[in-house]
Amino acid sequence: MWTKKSPRKKQSYLHTDHPDPQSQNRLDVSIADFIISNSLPFNLTRDSKFLAMIKNARFVPVTYVPPSRKDIGGRLLIENYNIHMTETTSKLLQDAELFGLTAMGDGATICKYPLTNVLFAGGHEHQALIDVIDSSDHMAFGGAKDARYIASKIMPLMEDIDPKKESFDMVVFDGAANVQKAGRVIAARFPKLIVCK
């Protein structure tokens, strides 16, 4: 026997293309309160990373809980570092065969810690901090920040992104004798390299 089918219920969807104006205002007030309360710069709302965070927040459920202090200082710090270094390396290697790569080093003692900053530059990445070398343990056991030591720390970083030694064509240090000599040690391994100060 034929029976009339009950009308099918339509699935309800939540669309955010036309959100509640009051919700927008509440979000604006919350953002302003966060920035003002934490003494952050007012132009933070134009920062690309802030905008990306707001965009990503649209796709999480209402049950979302922000990461803990431990997560931010642990796994998320490592994940952000890995993402940053992958993007930085990609920029450095872009057209590296055309523009070449430059390695730069600068020593500094900060709060009694003997440090060496290592930066790379290329055609599409003009200043990338690759590593900060802490020589505390080395010097505590009687070592010195001599040419051999400095070169031994910087060369592996260069070889990581230029294993064939075809792209690095310049290394820049200040005029100190130890780092200038380190530059010459590195140049002996990288045939295209010139040392500048």
# chains A, B, ... in the order shown; residues from 1 in each chain; ligands from 1
$ select_by_dssp --residues "range 75-142 of chain A" --states "alpha helix (DSSP H)" --output "list in words"
Arg75, Leu76, Leu77, Ile78, Glu79, Asn80, Tyr81, Asn82, Ile83, His84, Met85, Thr86, Glu87, Thr88, Thr89, Ser90, Lys91, Leu92, Leu93, Ala96, Glu97, Leu98, Phe99, Ser136, Asp137, His138, Met139 and Ala140 of chain A
$ write_last_selection --atoms "N, CA, C and O atoms" --output "short mmCIF file (atom, residue, chain, number, x, y, z; two decimals), in the first residue's frame"
data_model
loop_
_atom_site.label_atom_id
_atom_site.label_comp_id
_atom_site.auth_asym_id
_atom_site.auth_seq_id
_atom_site.Cartn_x
_atom_site.Cartn_y
_atom_site.Cartn_z
N ARG A 75 57.35 21.19 22.40
CA ARG A 75 57.12 20.63 21.07
C ARG A 75 56.78 21.70 20.03
O ARG A 75 57.21 21.60 18.87
N LEU A 76 56.03 22.74 20.42
CA LEU A 76 55.65 23.76 19.44
C LEU A 76 56.83 24.67 19.10
O LEU A 76 56.93 25.16 17.97
N LEU A 77 57.72 24.88 20.05
CA LEU A 77 58.93 25.64 19.78
C LEU A 77 59.79 24.90 18.75
O LEU A 77 60.29 25.49 17.79
N ILE A 78 59.92 23.59 18.94
CA ILE A 78 60.71 22.78 18.01
C ILE A 78 60.05 22.74 16.63
O ILE A 78 60.71 22.86 15.60
N GLU A 79 58.71 22.59 16.61
CA GLU A 79 57.99 22.53 15.33
C GLU A 79 58.11 23.85 14.57
O GLU A 79 58.33 23.85 13.36
N ASN A 80 57.99 24.97 15.29
CA ASN A 80 58.14 26.28 14.64
C ASN A 80 59.55 26.48 14.12
O ASN A 80 59.75 27.03 13.03
N TYR A 81 60.54 26.03 14.89
CA TYR A 81 61.93 26.14 14.44
C TYR A 81 62.15 25.33 13.16
O TYR A 81 62.76 25.83 12.20
N ASN A 82 61.63 24.10 13.14
CA ASN A 82 61.82 23.25 11.96
C ASN A 82 61.15 23.86 10.72
O ASN A 82 61.71 23.83 9.62
N ILE A 83 59.95 24.41 10.90
CA ILE A 83 59.24 25.05 9.79
C ILE A 83 60.04 26.25 9.29
O ILE A 83 60.23 26.45 8.08
N HIS A 84 60.51 27.07 10.25
CA HIS A 84 61.28 28.26 9.89
C HIS A 84 62.55 27.89 9.13
O HIS A 84 62.87 28.51 8.10
N MET A 85 63.28 26.90 9.61
CA MET A 85 64.54 26.53 8.96
C MET A 85 64.30 25.92 7.59
O MET A 85 65.10 26.13 6.66
N THR A 86 63.21 25.17 7.44
CA THR A 86 62.89 24.61 6.12
C THR A 86 62.60 25.73 5.12
O THR A 86 63.08 25.71 3.98
N GLU A 87 61.80 26.72 5.55
CA GLU A 87 61.48 27.85 4.68
C GLU A 87 62.73 28.68 4.37
O GLU A 87 62.94 29.12 3.24
N THR A 88 63.57 28.89 5.38
CA THR A 88 64.79 29.68 5.20
C THR A 88 65.74 28.99 4.23
O THR A 88 66.31 29.63 3.33
N THR A 89 65.93 27.69 4.40
CA THR A 89 66.82 26.94 3.51
C THR A 89 66.31 26.97 2.07
O THR A 89 67.09 27.11 1.13
N SER A 90 64.99 26.85 1.92
CA SER A 90 64.40 26.91 0.59
C SER A 90 64.69 28.24 -0.09
O SER A 90 65.03 28.30 -1.28
N LYS A 91 64.56 29.34 0.66
CA LYS A 91 64.85 30.66 0.10
C LYS A 91 66.32 30.81 -0.25
O LYS A 91 66.68 31.40 -1.27
N LEU A 92 67.18 30.30 0.62
CA LEU A 92 68.63 30.40 0.36
C LEU A 92 69.01 29.65 -0.91
O LEU A 92 69.83 30.13 -1.71
N LEU A 93 68.41 28.49 -1.11
CA LEU A 93 68.78 27.66 -2.26
C LEU A 93 68.13 28.11 -3.56
O LEU A 93 68.56 27.69 -4.64
N ALA A 96 70.44 29.75 -6.14
CA ALA A 96 71.76 29.82 -5.53
C ALA A 96 72.86 29.63 -6.57
O ALA A 96 73.96 30.21 -6.44
N GLU A 97 72.56 28.84 -7.60
CA GLU A 97 73.58 28.64 -8.64
C GLU A 97 73.82 29.90 -9.45
O GLU A 97 74.88 30.06 -10.09
N LEU A 98 72.87 30.84 -9.40
CA LEU A 98 73.01 32.10 -10.13
C LEU A 98 73.59 33.20 -9.26
O LEU A 98 74.53 33.89 -9.65
N PHE A 99 73.02 33.36 -8.05
CA PHE A 99 73.44 34.45 -7.16
C PHE A 99 74.54 34.06 -6.19
O PHE A 99 75.20 34.93 -5.62
N SER A 136 81.25 27.81 25.40
CA SER A 136 81.54 27.76 26.84
C SER A 136 82.24 26.46 27.24
O SER A 136 83.28 26.48 27.92
N ASP A 137 81.67 25.32 26.85
CA ASP A 137 82.26 24.03 27.24
C ASP A 137 83.64 23.85 26.63
O ASP A 137 84.57 23.36 27.30
N HIS A 138 83.77 24.24 25.38
CA HIS A 138 85.06 24.11 24.68
C HIS A 138 86.15 24.90 25.42
O HIS A 138 87.25 24.38 25.65
N MET A 139 85.83 26.11 25.81
CA MET A 139 86.82 26.96 26.47
C MET A 139 87.02 26.57 27.94
O MET A 139 88.10 26.76 28.51
N ALA A 140 85.98 25.99 28.56
CA ALA A 140 86.10 25.55 29.96
C ALA A 140 87.14 24.44 30.11
O ALA A 140 87.75 24.29 31.18
#
$ closest_residue --among "A:Asp28, A:Thr102, A:Ile150, A:Ser68" --to "His126 in chain A" --atoms "only C-alpha atoms"
A:Thr102
$ closest_residue --among "A:Asp162, A:Phe168, A:Ala151, A:Phe50" --to "Val185 in chain A" --atoms "only C-alpha atoms"
A:Ala151
$ select_by_dssp --residues "range 28-166 of chain A" --states "strand (DSSP E)" --output "list in words"
Leu101, Thr102, Ala103, Met104, Gly105, Asp106, Gly107, Ala108, Thr109, Ile110, Tyr113, Pro114, Leu115, Thr116, Asn117, Val118, Leu119, Phe120, Ala121, Ala128, Leu129, Ile130, Asp131, Val132, Ile133 and Asp134 of chain A
$ atom_distance --atom1 "CA of Gly73 in chain A" --atom2 "CA of Asp160 in chain A"
26.3 Å
$ residues_around --residues "Pro156 in chain A" --least-positions-apart "2" --cutoff "12 Å" --atoms "only C-alpha atoms" --output "number ranges by chain"
A: 103, 118, 130-131, 149-154, 158-163, 165, 186, 189-190
$ atom_distance --atom1 "CA of Arg26 in chain A" --atom2 "CA of Ser48 in chain A"
21.6 Å
$ closest_residue --among "A:Cys111, A:Phe173, A:Ser23, A:Met104" --to "Leu157 in chain A" --atoms "only C-alpha atoms"
A:Met104
